[in-house]
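Pasting target_38.pdb here (PDB, C-alpha atoms):
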```pdb
ATOM      1  CA  MET R   1     -26.248   5.013 -13.734
ATOM      2  CA  LYS R   2     -25.607   8.588 -12.685
ATOM      3  CA  PRO R   3     -24.390   9.887  -9.325
ATOM      4  CA  ALA R   4     -26.631  11.751  -6.920
ATOM      5  CA  PRO R   5     -26.406  15.575  -7.128
ATOM      6  CA  PHE R   6     -23.359  17.146  -5.459
ATOM      7  CA  LYS R   7     -21.499  20.437  -5.138
ATOM      8  CA  TYR R   8     -18.094  20.567  -6.808
ATOM      9  CA  TYR R   9     -14.992  22.493  -5.752
ATOM     10  CA  ALA R  10     -11.615  22.535  -7.517
ATOM     11  CA  PRO R  11      -9.157  24.222  -5.112
ATOM     12  CA  THR R  12      -5.652  25.125  -6.204
ATOM     13  CA  SER R  13      -4.008  24.832  -2.771
ATOM     14  CA  VAL R  14      -4.028  22.416   0.125
ATOM     15  CA  GLU R  15      -5.259  25.189   2.423
ATOM     16  CA  GLU R  16      -8.267  25.840   0.205
ATOM     17  CA  ALA R  17      -9.077  22.116   0.017
ATOM     18  CA  LEU R  18      -8.845  21.772   3.789
ATOM     19  CA  ALA R  19     -11.198  24.726   4.251
ATOM     20  CA  HIS R  20     -13.859  22.973   2.165
ATOM     21  CA  LEU R  21     -13.393  19.696   4.038
ATOM     22  CA  ALA R  22     -13.640  21.464   7.379
ATOM     23  CA  GLU R  23     -16.815  23.255   6.278
ATOM     24  CA  TYR R  24     -18.670  20.169   5.066
ATOM     25  CA  GLY R  25     -17.175  17.406   7.235
ATOM     26  CA  TYR R  26     -18.554  13.928   6.573
ATOM     27  CA  ASP R  27     -20.689  15.242   3.684
ATOM     28  CA  ALA R  28     -17.562  15.933   1.616
ATOM     29  CA  LYS R  29     -15.220  13.594  -0.242
ATOM     30  CA  ALA R  30     -11.781  14.388  -1.614
ATOM     31  CA  LEU R  31     -11.412  13.417  -5.272
ATOM     32  CA  ALA R  32      -7.944  12.195  -6.267
ATOM     33  CA  GLY R  33      -7.720   9.838  -9.261
ATOM     34  CA  GLY R  34     -11.396   8.919  -8.999
ATOM     35  CA  GLN R  35     -10.830   5.325 -10.098
ATOM     36  CA  SER R  36     -12.694   3.976  -7.046
ATOM     37  CA  LEU R  37     -14.828   6.907  -5.892
ATOM     38  CA  ILE R  38     -16.528   7.761  -9.196
ATOM     39  CA  PRO R  39     -17.753   4.197  -9.925
ATOM     40  CA  THR R  40     -19.198   3.897  -6.410
ATOM     41  CA  MET R  41     -20.915   7.262  -6.893
ATOM     42  CA  ASN R  42     -22.303   6.157 -10.242
ATOM     43  CA  PHE R  43     -23.833   3.104  -8.558
ATOM     44  CA  ARG R  44     -24.916   5.356  -5.647
ATOM     45  CA  LEU R  45     -23.031   3.227  -3.175
ATOM     46  CA  ALA R  46     -21.413   6.517  -2.162
ATOM     47  CA  GLN R  47     -23.434   9.736  -2.171
ATOM     48  CA  PRO R  48     -21.291  12.646  -0.971
ATOM     49  CA  SER R  49     -23.020  16.000  -1.229
ATOM     50  CA  VAL R  50     -19.684  17.737  -1.902
ATOM     51  CA  LEU R  51     -16.647  16.762  -4.002
ATOM     52  CA  VAL R  52     -13.318  18.501  -3.381
ATOM     53  CA  ASP R  53     -11.177  17.855  -6.466
ATOM     54  CA  LEU R  54      -7.442  17.781  -5.649
ATOM     55  CA  ASN R  55      -6.199  17.593  -9.243
ATOM     56  CA  ASN R  56      -5.354  21.303  -9.496
ATOM     57  CA  ILE R  57      -3.078  21.289  -6.435
ATOM     58  CA  SER R  58       0.343  21.163  -8.080
ATOM     59  CA  ASP R  59       2.142  20.977  -4.723
ATOM     60  CA  LEU R  60       0.932  17.373  -4.274
ATOM     61  CA  PHE R  61       2.539  15.989  -7.451
ATOM     62  CA  TYR R  62       6.167  14.954  -6.878
ATOM     63  CA  ILE R  63       8.696  12.186  -6.331
ATOM     64  CA  SER R  64      11.693  13.530  -4.414
ATOM     65  CA  PRO R  65      14.849  12.011  -2.902
ATOM     66  CA  ASP R  66      15.122  12.293   0.848
ATOM     67  CA  GLU R  67      18.472  13.479   2.169
ATOM     68  CA  ASN R  68      18.747  10.292   4.289
ATOM     69  CA  GLY R  69      18.464   8.046   1.212
ATOM     70  CA  GLY R  70      14.719   7.526   1.283
ATOM     71  CA  LEU R  71      11.865   8.908  -0.805
ATOM     72  CA  ARG R  72       9.135  11.521  -0.488
ATOM     73  CA  ILE R  73       6.099  11.091  -2.729
ATOM     74  CA  GLY R  74       3.289  13.617  -3.023
ATOM     75  CA  ALA R  75      -0.167  12.178  -2.494
ATOM     76  CA  MET R  76      -1.418  13.149  -5.975
ATOM     77  CA  THR R  77       1.464  11.470  -7.801
ATOM     78  CA  ARG R  78       0.042   9.181 -10.467
ATOM     79  CA  GLU R  79       0.702   5.483 -10.120
ATOM     80  CA  SER R  80       2.090   5.427 -13.662
ATOM     81  CA  GLN R  81       4.694   8.054 -12.678
ATOM     82  CA  ILE R  82       5.855   5.823  -9.823
ATOM     83  CA  GLU R  83       5.839   2.797 -12.127
ATOM     84  CA  HIS R  84       8.278   4.454 -14.529
ATOM     85  CA  SER R  85      10.460   6.368 -12.053
ATOM     86  CA  ALA R  86      14.158   5.505 -12.025
ATOM     87  CA  LEU R  87      14.415   7.069  -8.565
ATOM     88  CA  VAL R  88      11.735   4.734  -7.201
ATOM     89  CA  ALA R  89      13.467   1.764  -8.834
ATOM     90  CA  GLU R  90      16.715   2.730  -7.105
ATOM     91  CA  ARG R  91      15.456   3.673  -3.647
ATOM     92  CA  ALA R  92      12.247   1.647  -3.211
ATOM     93  CA  PRO R  93      12.517  -1.376  -5.535
ATOM     94  CA  LEU R  94       9.693  -3.212  -3.738
ATOM     95  CA  LEU R  95       7.288  -0.378  -4.598
ATOM     96  CA  TYR R  96       8.621  -0.292  -8.156
ATOM     97  CA  GLU R  97       8.121  -4.039  -8.528
ATOM     98  CA  ALA R  98       4.551  -3.927  -7.242
ATOM     99  CA  MET R  99       3.281  -1.136  -9.498
ATOM    100  CA  PRO R 100       2.603  -3.153 -12.694
ATOM    101  CA  HIS R 101       0.349  -5.466 -10.673
ATOM    102  CA  ILE R 102      -2.104  -2.625  -9.997
ATOM    103  CA  ALA R 103      -5.103  -2.976 -12.315
ATOM    104  CA  HIS R 104      -4.356  -1.831 -15.903
ATOM    105  CA  PRO R 105      -2.288   0.993 -17.453
ATOM    106  CA  GLN R 106      -5.396   3.117 -18.004
ATOM    107  CA  ILE R 107      -6.184   2.925 -14.279
ATOM    108  CA  ARG R 108      -2.581   3.670 -13.260
ATOM    109  CA  ASN R 109      -2.531   6.716 -15.551
ATOM    110  CA  ARG R 110      -5.208   8.348 -13.367
ATOM    111  CA  GLY R 111      -4.921   6.573 -10.028
ATOM    112  CA  THR R 112      -2.833   8.256  -7.323
ATOM    113  CA  ILE R 113      -0.786   6.844  -4.477
ATOM    114  CA  GLY R 114      -2.580   8.977  -1.901
ATOM    115  CA  GLY R 115      -6.032   8.124  -3.202
ATOM    116  CA  THR R 116      -5.306   4.402  -3.146
ATOM    117  CA  LEU R 117      -3.911   4.498   0.376
ATOM    118  CA  ALA R 118      -6.764   6.629   1.722
ATOM    119  CA  HIS R 119      -9.319   4.322   0.084
ATOM    120  CA  ALA R 120      -7.783   1.405   2.032
ATOM    121  CA  ASP R 121      -9.094  -1.432  -0.100
ATOM    122  CA  PRO R 122      -7.862  -4.654   1.570
ATOM    123  CA  ALA R 123      -7.249  -6.148  -1.883
ATOM    124  CA  ALA R 124      -5.053  -3.242  -3.037
ATOM    125  CA  GLU R 125      -1.308  -3.614  -3.395
ATOM    126  CA  LEU R 126      -0.077  -0.238  -2.112
ATOM    127  CA  PRO R 127      -1.310  -0.535   1.496
ATOM    128  CA  ALA R 128       0.582  -3.820   1.959
ATOM    129  CA  VAL R 129       3.693  -2.445   0.260
ATOM    130  CA  SER R 130       3.681   0.705   2.404
ATOM    131  CA  VAL R 131       3.540  -1.379   5.587
ATOM    132  CA  ALA R 132       6.328  -3.694   4.380
ATOM    133  CA  LEU R 133       8.491  -0.641   3.629
ATOM    134  CA  ASN R 134       7.825   0.859   7.064
ATOM    135  CA  GLY R 135       6.374   3.944   5.392
ATOM    136  CA  ARG R 136       5.025   7.046   7.107
ATOM    137  CA  PHE R 137       2.166   9.278   5.997
ATOM    138  CA  ARG R 138       1.848  13.031   6.519
ATOM    139  CA  LEU R 139      -1.729  14.056   7.282
ATOM    140  CA  ARG R 140      -2.788  17.709   7.221
ATOM    141  CA  GLY R 141      -5.784  19.483   8.690
ATOM    142  CA  GLN R 142      -6.576  23.138   9.272
ATOM    143  CA  VAL R 143      -5.153  23.026  12.790
ATOM    144  CA  GLY R 144      -1.854  21.388  11.846
ATOM    145  CA  GLU R 145      -0.286  18.184  10.606
ATOM    146  CA  ARG R 146       0.697  14.805  12.011
ATOM    147  CA  TRP R 147       2.750  11.828  10.909
ATOM    148  CA  VAL R 148       1.271   8.321  11.079
ATOM    149  CA  SER R 149       3.142   5.080  10.388
ATOM    150  CA  ALA R 150       1.664   2.876   7.686
ATOM    151  CA  ASP R 151       0.978   0.021  10.099
ATOM    152  CA  GLU R 152      -1.132   2.367  12.264
ATOM    153  CA  PHE R 153      -2.889   4.138   9.375
ATOM    154  CA  PHE R 154      -5.085   1.213   8.266
ATOM    155  CA  VAL R 155      -7.621   0.284  10.925
ATOM    156  CA  GLY R 156     -10.245  -1.817   9.141
ATOM    157  CA  PHE R 157     -12.233  -2.544   5.999
ATOM    158  CA  PHE R 158     -11.933   0.622   3.837
ATOM    159  CA  THR R 159     -11.147   2.509   7.062
ATOM    160  CA  THR R 160      -8.147   4.596   8.104
ATOM    161  CA  VAL R 161      -7.265   7.035  10.884
ATOM    162  CA  LEU R 162      -7.941   9.991   8.558
ATOM    163  CA  GLU R 163     -10.406  12.459  10.025
ATOM    164  CA  PRO R 164     -13.054  13.939   7.693
ATOM    165  CA  ASP R 165     -11.273  17.313   7.717
ATOM    166  CA  GLU R 166      -7.813  15.858   6.972
ATOM    167  CA  LEU R 167      -5.892  15.065   3.808
ATOM    168  CA  LEU R 168      -3.094  12.578   3.233
ATOM    169  CA  VAL R 169      -0.534  14.846   1.562
ATOM    170  CA  GLU R 170       2.752  12.898   1.511
ATOM    171  CA  VAL R 171       4.217   9.412   1.708
ATOM    172  CA  ALA R 172       7.714   9.060   3.185
ATOM    173  CA  LEU R 173       9.698   5.862   2.660
ATOM    174  CA  PRO R 174      12.924   5.232   4.622
ATOM    175  CA  PRO R 175      16.132   4.083   2.939
ATOM    176  CA  MET R 176      16.720   0.374   2.535
ATOM    177  CA  PRO R 177      19.290  -0.973   5.013
ATOM    178  CA  PRO R 178      22.409  -2.649   3.590
ATOM    179  CA  ARG R 179      22.083  -6.356   2.710
ATOM    180  CA  SER R 180      18.335  -6.024   2.188
ATOM    181  CA  GLY R 181      16.175  -7.824  -0.338
ATOM    182  CA  TRP R 182      12.592  -7.552  -1.470
ATOM    183  CA  SER R 183       9.890  -9.401  -3.385
ATOM    184  CA  PHE R 184       6.294  -8.846  -4.407
ATOM    185  CA  GLN R 185       4.144 -11.818  -5.368
ATOM    186  CA  GLU R 186       0.434 -12.195  -6.093
ATOM    187  CA  VAL R 187      -2.039 -14.544  -7.741
ATOM    188  CA  ALA R 188      -5.037 -13.210  -9.652
ATOM    189  CA  ARG R 189      -7.475 -14.929 -11.989
ATOM    190  CA  ARG R 190      -6.428 -12.576 -14.796
ATOM    191  CA  HIS R 191      -3.744  -9.939 -14.993
ATOM    192  CA  GLY R 192      -5.247  -6.713 -13.711
ATOM    193  CA  ASP R 193      -7.888  -8.384 -11.557
ATOM    194  CA  TYR R 194      -7.835  -7.964  -7.804
ATOM    195  CA  ALA R 195      -5.462 -10.527  -6.314
ATOM    196  CA  LEU R 196      -6.807 -13.612  -4.591
ATOM    197  CA  VAL R 197      -3.742 -13.282  -2.354
ATOM    198  CA  GLY R 198      -0.661 -11.101  -2.540
ATOM    199  CA  VAL R 199       2.429 -10.590  -0.389
ATOM    200  CA  ALA R 200       5.071  -7.882  -0.018
ATOM    201  CA  ALA R 201       8.316  -9.124   1.539
ATOM    202  CA  MET R 202      11.355  -7.292   2.895
ATOM    203  CA  VAL R 203      14.344  -8.996   4.529
ATOM    204  CA  THR R 204      17.704  -7.840   5.902
ATOM    205  CA  LEU R 205      20.750 -10.015   6.554
ATOM    206  CA  ASP R 206      23.334  -9.477   9.276
ATOM    207  CA  ASP R 207      27.112  -9.682   8.839
ATOM    208  CA  ARG R 208      27.001 -13.478   9.181
ATOM    209  CA  GLY R 209      24.360 -13.915   6.476
ATOM    210  CA  ARG R 210      21.582 -14.646   8.954
ATOM    211  CA  CYS R 211      18.174 -13.036   8.985
ATOM    212  CA  GLN R 212      18.297  -9.808  10.962
ATOM    213  CA  GLN R 213      14.792  -8.679  10.087
ATOM    214  CA  ALA R 214      11.907  -9.902   7.930
ATOM    215  CA  ARG R 215       8.532  -8.461   7.062
ATOM    216  CA  LEU R 216       5.761 -10.301   5.250
ATOM    217  CA  VAL R 217       2.604  -8.287   4.603
ATOM    218  CA  PHE R 218      -0.396  -9.829   2.857
ATOM    219  CA  LEU R 219      -3.310  -8.424   0.920
ATOM    220  CA  SER R 220      -6.739  -9.956   0.285
ATOM    221  CA  VAL R 221      -6.640 -12.068   3.454
ATOM    222  CA  GLY R 222      -8.230  -9.689   5.976
ATOM    223  CA  GLU R 223      -9.809  -6.291   6.517
ATOM    224  CA  GLY R 224      -6.566  -4.516   5.591
ATOM    225  CA  PRO R 225      -2.857  -5.280   5.232
ATOM    226  CA  VAL R 226      -2.030  -8.322   7.380
ATOM    227  CA  GLU R 227       1.514  -8.586   8.683
ATOM    228  CA  ALA R 228       2.867 -12.061   9.452
ATOM    229  CA  HIS R 229       4.569 -11.352  12.781
ATOM    230  CA  GLN R 230       4.887 -14.991  13.828
ATOM    231  CA  ALA R 231       6.405 -16.075  10.537
ATOM    232  CA  ALA R 232       8.949 -13.251  10.759
ATOM    233  CA  ALA R 233       9.844 -14.273  14.311
ATOM    234  CA  THR R 234      10.714 -17.809  13.181
ATOM    235  CA  LEU R 235      13.262 -16.378  10.735
ATOM    236  CA  LYS R 236      15.042 -13.913  13.005
ATOM    237  CA  GLY R 237      18.608 -15.020  13.713
ATOM    238  CA  GLN R 238      18.311 -17.986  11.362
ATOM    239  CA  ALA R 239      20.232 -18.760   8.221
ATOM    240  CA  PRO R 240      17.798 -18.471   5.267
ATOM    241  CA  THR R 241      17.861 -22.165   4.450
ATOM    242  CA  PRO R 242      15.074 -23.837   2.450
ATOM    243  CA  GLU R 243      13.913 -25.495   5.669
ATOM    244  CA  ALA R 244      13.704 -22.162   7.543
ATOM    245  CA  ILE R 245      11.864 -20.518   4.684
ATOM    246  CA  ARG R 246       9.434 -23.422   4.400
ATOM    247  CA  ALA R 247       8.736 -23.315   8.138
ATOM    248  CA  ALA R 248       8.104 -19.559   8.024
ATOM    249  CA  ALA R 249       5.708 -19.934   5.087
ATOM    250  CA  GLU R 250       3.784 -22.650   6.908
ATOM    251  CA  THR R 251       3.577 -20.465  10.019
ATOM    252  CA  ALA R 252       2.240 -17.554   7.979
ATOM    253  CA  ALA R 253      -0.460 -19.725   6.448
ATOM    254  CA  SER R 254      -1.506 -21.463   9.658
ATOM    255  CA  ALA R 255      -1.025 -18.807  12.351
ATOM    256  CA  ASP R 256      -0.747 -15.298  10.902
ATOM    257  CA  VAL R 257      -3.707 -15.076   8.553
ATOM    258  CA  ASP R 258      -7.398 -15.844   8.966
ATOM    259  CA  PRO R 259      -8.876 -15.423   5.473
ATOM    260  CA  SER R 260     -12.534 -15.739   4.632
ATOM    261  CA  SER R 261     -14.226 -17.503   1.737
ATOM    262  CA  ASP R 262     -16.022 -15.673  -1.054
ATOM    263  CA  ILE R 263     -17.151 -16.305  -4.628
ATOM    264  CA  HIS R 264     -13.557 -16.026  -5.841
ATOM    265  CA  ALA R 265     -11.719 -18.386  -3.475
ATOM    266  CA  SER R 266     -12.234 -20.466  -0.363
ATOM    267  CA  ALA R 267     -10.442 -19.736   2.886
ATOM    268  CA  ALA R 268      -8.510 -22.990   2.516
ATOM    269  CA  TYR R 269      -7.312 -22.032  -0.951
ATOM    270  CA  ARG R 270      -6.220 -18.618   0.278
ATOM    271  CA  ARG R 271      -4.203 -20.264   3.066
ATOM    272  CA  HIS R 272      -2.588 -22.481   0.427
ATOM    273  CA  LEU R 273      -1.675 -19.392  -1.602
ATOM    274  CA  VAL R 274      -0.250 -17.682   1.480
ATOM    275  CA  ASN R 275       2.038 -20.666   1.983
ATOM    276  CA  VAL R 276       3.167 -20.831  -1.644
ATOM    277  CA  LEU R 277       3.619 -17.092  -2.145
ATOM    278  CA  SER R 278       5.430 -16.670   1.180
ATOM    279  CA  ARG R 279       7.964 -19.279   0.186
ATOM    280  CA  ARG R 280       8.499 -17.743  -3.260
ATOM    281  CA  ALA R 281       8.772 -14.215  -1.887
ATOM    282  CA  LEU R 282      11.218 -15.139   0.861
ATOM    283  CA  GLU R 283      13.421 -17.137  -1.486
ATOM    284  CA  GLN R 284      13.655 -14.218  -3.897
ATOM    285  CA  ALA R 285      14.081 -11.599  -1.175
ATOM    286  CA  PHE R 286      16.904 -13.481   0.561
ATOM    287  CA  GLU R 287      18.633 -14.111  -2.772
ATOM    288  CA  ARG R 288      18.533 -10.403  -3.579
ATOM    289  CA  ALA R 289      19.715  -9.491  -0.072
ATOM    290  CA  GLY R 290      22.777 -11.650  -0.566
ATOM    291  CA  LEU R 291      23.718  -9.619  -3.643
ATOM    292  CA  ARG R 292      23.486  -6.196  -1.971
ATOM    293  CA  ASP R 293      25.996  -4.544   0.366
TER     294      ASP R 293
END
```
File written out as structure tokens:
Amino acid sequence: MKPAPFKYYAPTSVEEALAHLAEYGYDAKALAGGQSLIPTMNFRLAQPSVLVDLNNISDLFYISPDENGGLRIGAMTRESQIEHSALVAERAPLLYEAMPHIAHPQIRNRGTIGGTLAHADPAAELPAVSVALNGRFRLRGQVGERWVSADEFFVGFFTTVLEPDELLVEVALPPMPPRSGWSFQEVARRHGDYALVGVAAMVTLDDRGRCQQARLVFLSVGEGPVEAHQAAATLKGQAPTPEAIRAAAETAASADVDPSSDIHASAAYRRHLVNVLSRRALEQAFERAGLRD
């Protein structure tokens, strides 16, 4: 199929792109990698009358070290660049570990971090990872900019706090605290398929080797990233024993998620996967935390 007719703009600056978005409002769509938008346009599930192509805005392509030990990533940075970045591997190993799970290399060669996050697919890996990493997003409009935390950015099914005249321009990730560990786990029918369930885990140990903080964030179990607050609470102050990890995984599956059934998996099976993947992720994350100062 072919998309409905549309006007096309290819600005070379953020200011120019924002001017087009402000002019056309809800009738306009920003085009990043196009790996989700173009197929939906071809099937006429989306019919914007204006496309604002961001691919000529060189200022949005970068991976930079933050002076505090974190990372700054421009919204148009390709997923494949993040996947192969030594700086990302060093400063945000959870993000680095998750990247190969995203679709296929051909998709990652065009897909962008900002486009994926703004699309807010509940089955996508990057929204869950950004919440687990306590990321922040810089949003720009013609009247100024604002910072939004990742856990406040996603508000529903394919829905974010972005206004129609705003762009997500940068992702900021804080440094990992000492004695922290990470893990990304997912189950899909085939490699590259959307996950039936996935989890991004971050943990930090205190000086006594007990859990100081834990974050478990799931994908494909709700209308966006789902954080397991109750499971994390059961771990706080506890030694990461097999019994504590098992109890946290059971809490996540029974109390923190409320998945639905579809043609790919039943709700009961998704709860089972939440339990299994939580246990695997926590075991690996705590093991890694114990090896880092």
Interatomic distance (Å, one decimal) between atom CA of R:Val148 and atom CA of R:Phe218:
20.0 Å
Among the residues R:Ala289, R:Met76, R:Leu45, R:Leu71, the one that comes closest to R:Ala30 [using all atoms listed in the file]
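Using all atoms listed in the file, the shortest distance to R:Ala30 belongs to R:Met76.
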Just to confirm, what's the straight-line distance from atom CA of R:Ile63 to atom CA of R:Arg292 in Å (one decimal)?
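Interatomic distance here is 24.0 Å.
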Convert the output of the PyMOL selection byres ((chain R and resi 57-61) around 6) on the shown file into explicit residues, formatted as a PDB file with C-alpha atoms, in the frame of the given file.
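And here's part23.pdb as it stands now:
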```
ATOM      1  CA  THR R  12      -5.652  25.125  -6.204  1.00  0.00           C
ATOM      2  CA  SER R  13      -4.008  24.832  -2.771  1.00  0.00           C
ATOM      3  CA  LEU R  54      -7.442  17.781  -5.649  1.00  0.00           C
ATOM      4  CA  ASN R  55      -6.199  17.593  -9.243  1.00  0.00           C
ATOM      5  CA  ASN R  56      -5.354  21.303  -9.496  1.00  0.00           C
ATOM      6  CA  TYR R  62       6.167  14.954  -6.878  1.00  0.00           C
ATOM      7  CA  GLY R  74       3.289  13.617  -3.023  1.00  0.00           C
ATOM      8  CA  ALA R  75      -0.167  12.178  -2.494  1.00  0.00           C
ATOM      9  CA  MET R  76      -1.418  13.149  -5.975  1.00  0.00           C
ATOM     10  CA  THR R  77       1.464  11.470  -7.801  1.00  0.00           C
TER      11      THR R  77
END
```
Output the residue selection produced by the PyMOL selection byres ((chain R and resi 52) around 6) on the file above, formatted as JSON, numbers by chain.
{"R": [9, 30, 31, 51, 53]}
Nearest candidate to R:Phe43 (options R:Ala92, R:Val226, R:Ala247, R:Ala4; using all atoms listed in the file)
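Using all atoms listed in the file, the shortest distance to R:Phe43 belongs to R:Ala4.
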Considering all atoms listed in the file, can you say which of R:Asn109, R:Gln142, R:Ser80, R:Thr234 comes closest to R:Glu163?
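Closest residue, counting all atoms listed in the file: R:Gln142.
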Can you list, as a short mmCIF file (atom, residue, chain, number, x, y, z; two decimals) with C-alpha atoms, in the coordinates of the input, every protein, DNA or RNA residue that comes within 12 Å of R:Ser36 when you count only C-alpha atoms, leaving out same-chain residues fewer than 2 positions away?
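Printed below is part_14.cif as written:
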```cif
data_model
loop_
_atom_site.label_atom_id
_atom_site.label_comp_id
_atom_site.auth_asym_id
_atom_site.auth_seq_id
_atom_site.Cartn_x
_atom_site.Cartn_y
_atom_site.Cartn_z
CA ALA R 30 -11.78 14.39 -1.61
CA LEU R 31 -11.41 13.42 -5.27
CA ALA R 32 -7.94 12.20 -6.27
CA GLY R 33 -7.72 9.84 -9.26
CA GLY R 34 -11.40 8.92 -9.00
CA ILE R 38 -16.53 7.76 -9.20
CA PRO R 39 -17.75 4.20 -9.93
CA THR R 40 -19.20 3.90 -6.41
CA MET R 41 -20.92 7.26 -6.89
CA ASN R 42 -22.30 6.16 -10.24
CA PHE R 43 -23.83 3.10 -8.56
CA LEU R 45 -23.03 3.23 -3.18
CA ALA R 46 -21.41 6.52 -2.16
CA ALA R 103 -5.10 -2.98 -12.32
CA ILE R 107 -6.18 2.92 -14.28
CA ARG R 108 -2.58 3.67 -13.26
CA ARG R 110 -5.21 8.35 -13.37
CA GLY R 111 -4.92 6.57 -10.03
CA THR R 112 -2.83 8.26 -7.32
CA GLY R 115 -6.03 8.12 -3.20
CA THR R 116 -5.31 4.40 -3.15
CA LEU R 117 -3.91 4.50 0.38
CA ALA R 118 -6.76 6.63 1.72
CA HIS R 119 -9.32 4.32 0.08
CA ALA R 120 -7.78 1.40 2.03
CA ASP R 121 -9.09 -1.43 -0.10
CA ALA R 124 -5.05 -3.24 -3.04
CA PHE R 158 -11.93 0.62 3.84
#
```
Using only C-alpha atoms, which residues sit within 9 Å of R:Ala19 once same-chain residues fewer than 4 positions away are excluded, as a ChimeraX atom specification?
/R:14-15,23-24,141-142,165
When you draw a straight line from atom CA of R:Ser266 to atom CA of R:Leu126, how long is it in Å?
23.7 Å
Please identify all polymer residues within 8 Å of stretch 171-180 of chain R, counting all atoms listed in the file, omitting same-chain residues fewer than 4 positions from it, and present them as a ChimeraX atom specification.
/R:68-75,91-92,114,130,133-138,202-206,285-286,288-293
Residues of stretch 77-178 of chain R that approach stretch 212-216 of chain R to 9 Å or less, counting all atoms listed in the file: could you list each one with the shortest pair of atoms and its distance in Å to one decimal, rows by chain and increasing residue number, as CSV?
```
residue,atom,partner,partner_atom,distance
R:Ala128,CA,R:Leu216,CA,8.9
R:Val131,CA,R:Arg215,CA,8.8
R:Ala132,CA,R:Arg215,CA,5.9
R:Leu133,CA,R:Arg215,CA,8.5
```
Residues selected by the PyMOL selection byres ((chain R and resi 195) around 12), written as an MDAnalysis selection string
chainID R and resid 101:103 121:125 185:194 196:199 218:221 264:265 270 273:274 277
What's around R:Phe154 at 8 Å? Count only C-alpha atoms, leave out sequence neighbours fewer than 4 positions away in its own chain, and write the answer as a PDB file with C-alpha atoms, in the coordinates of the input.
```pdb
ATOM      1  CA  ALA R 120      -7.783   1.405   2.032  1.00  0.00           C
ATOM      2  CA  PRO R 127      -1.310  -0.535   1.496  1.00  0.00           C
ATOM      3  CA  ALA R 150       1.664   2.876   7.686  1.00  0.00           C
ATOM      4  CA  THR R 159     -11.147   2.509   7.062  1.00  0.00           C
ATOM      5  CA  THR R 160      -8.147   4.596   8.104  1.00  0.00           C
ATOM      6  CA  VAL R 161      -7.265   7.035  10.884  1.00  0.00           C
ATOM      7  CA  GLY R 224      -6.566  -4.516   5.591  1.00  0.00           C
ATOM      8  CA  PRO R 225      -2.857  -5.280   5.232  1.00  0.00           C
TER       9      PRO R 225
END
```
Distance query R:Ala231 at most 10 Å, all atoms listed in the file, self and fewer than 3 positions along chain excluded, as a PDB file with C-alpha atoms, in the coordinates of the input:
```pdb
ATOM      1  CA  ALA R 214      11.907  -9.902   7.930  1.00  0.00           C
ATOM      2  CA  ARG R 215       8.532  -8.461   7.062  1.00  0.00           C
ATOM      3  CA  LEU R 216       5.761 -10.301   5.250  1.00  0.00           C
ATOM      4  CA  GLU R 227       1.514  -8.586   8.683  1.00  0.00           C
ATOM      5  CA  ALA R 228       2.867 -12.061   9.452  1.00  0.00           C
ATOM      6  CA  THR R 234      10.714 -17.809  13.181  1.00  0.00           C
ATOM      7  CA  LEU R 235      13.262 -16.378  10.735  1.00  0.00           C
ATOM      8  CA  LYS R 236      15.042 -13.913  13.005  1.00  0.00           C
ATOM      9  CA  ALA R 244      13.704 -22.162   7.543  1.00  0.00           C
ATOM     10  CA  ILE R 245      11.864 -20.518   4.684  1.00  0.00           C
ATOM     11  CA  ALA R 247       8.736 -23.315   8.138  1.00  0.00           C
ATOM     12  CA  ALA R 248       8.104 -19.559   8.024  1.00  0.00           C
ATOM     13  CA  ALA R 249       5.708 -19.934   5.087  1.00  0.00           C
ATOM     14  CA  GLU R 250       3.784 -22.650   6.908  1.00  0.00           C
ATOM     15  CA  THR R 251       3.577 -20.465  10.019  1.00  0.00           C
ATOM     16  CA  ALA R 252       2.240 -17.554   7.979  1.00  0.00           C
ATOM     17  CA  ALA R 253      -0.460 -19.725   6.448  1.00  0.00           C
ATOM     18  CA  SER R 254      -1.506 -21.463   9.658  1.00  0.00           C
ATOM     19  CA  ALA R 255      -1.025 -18.807  12.351  1.00  0.00           C
ATOM     20  CA  ASP R 256      -0.747 -15.298  10.902  1.00  0.00           C
ATOM     21  CA  SER R 278       5.430 -16.670   1.180  1.00  0.00           C
TER      22      SER R 278
END
```
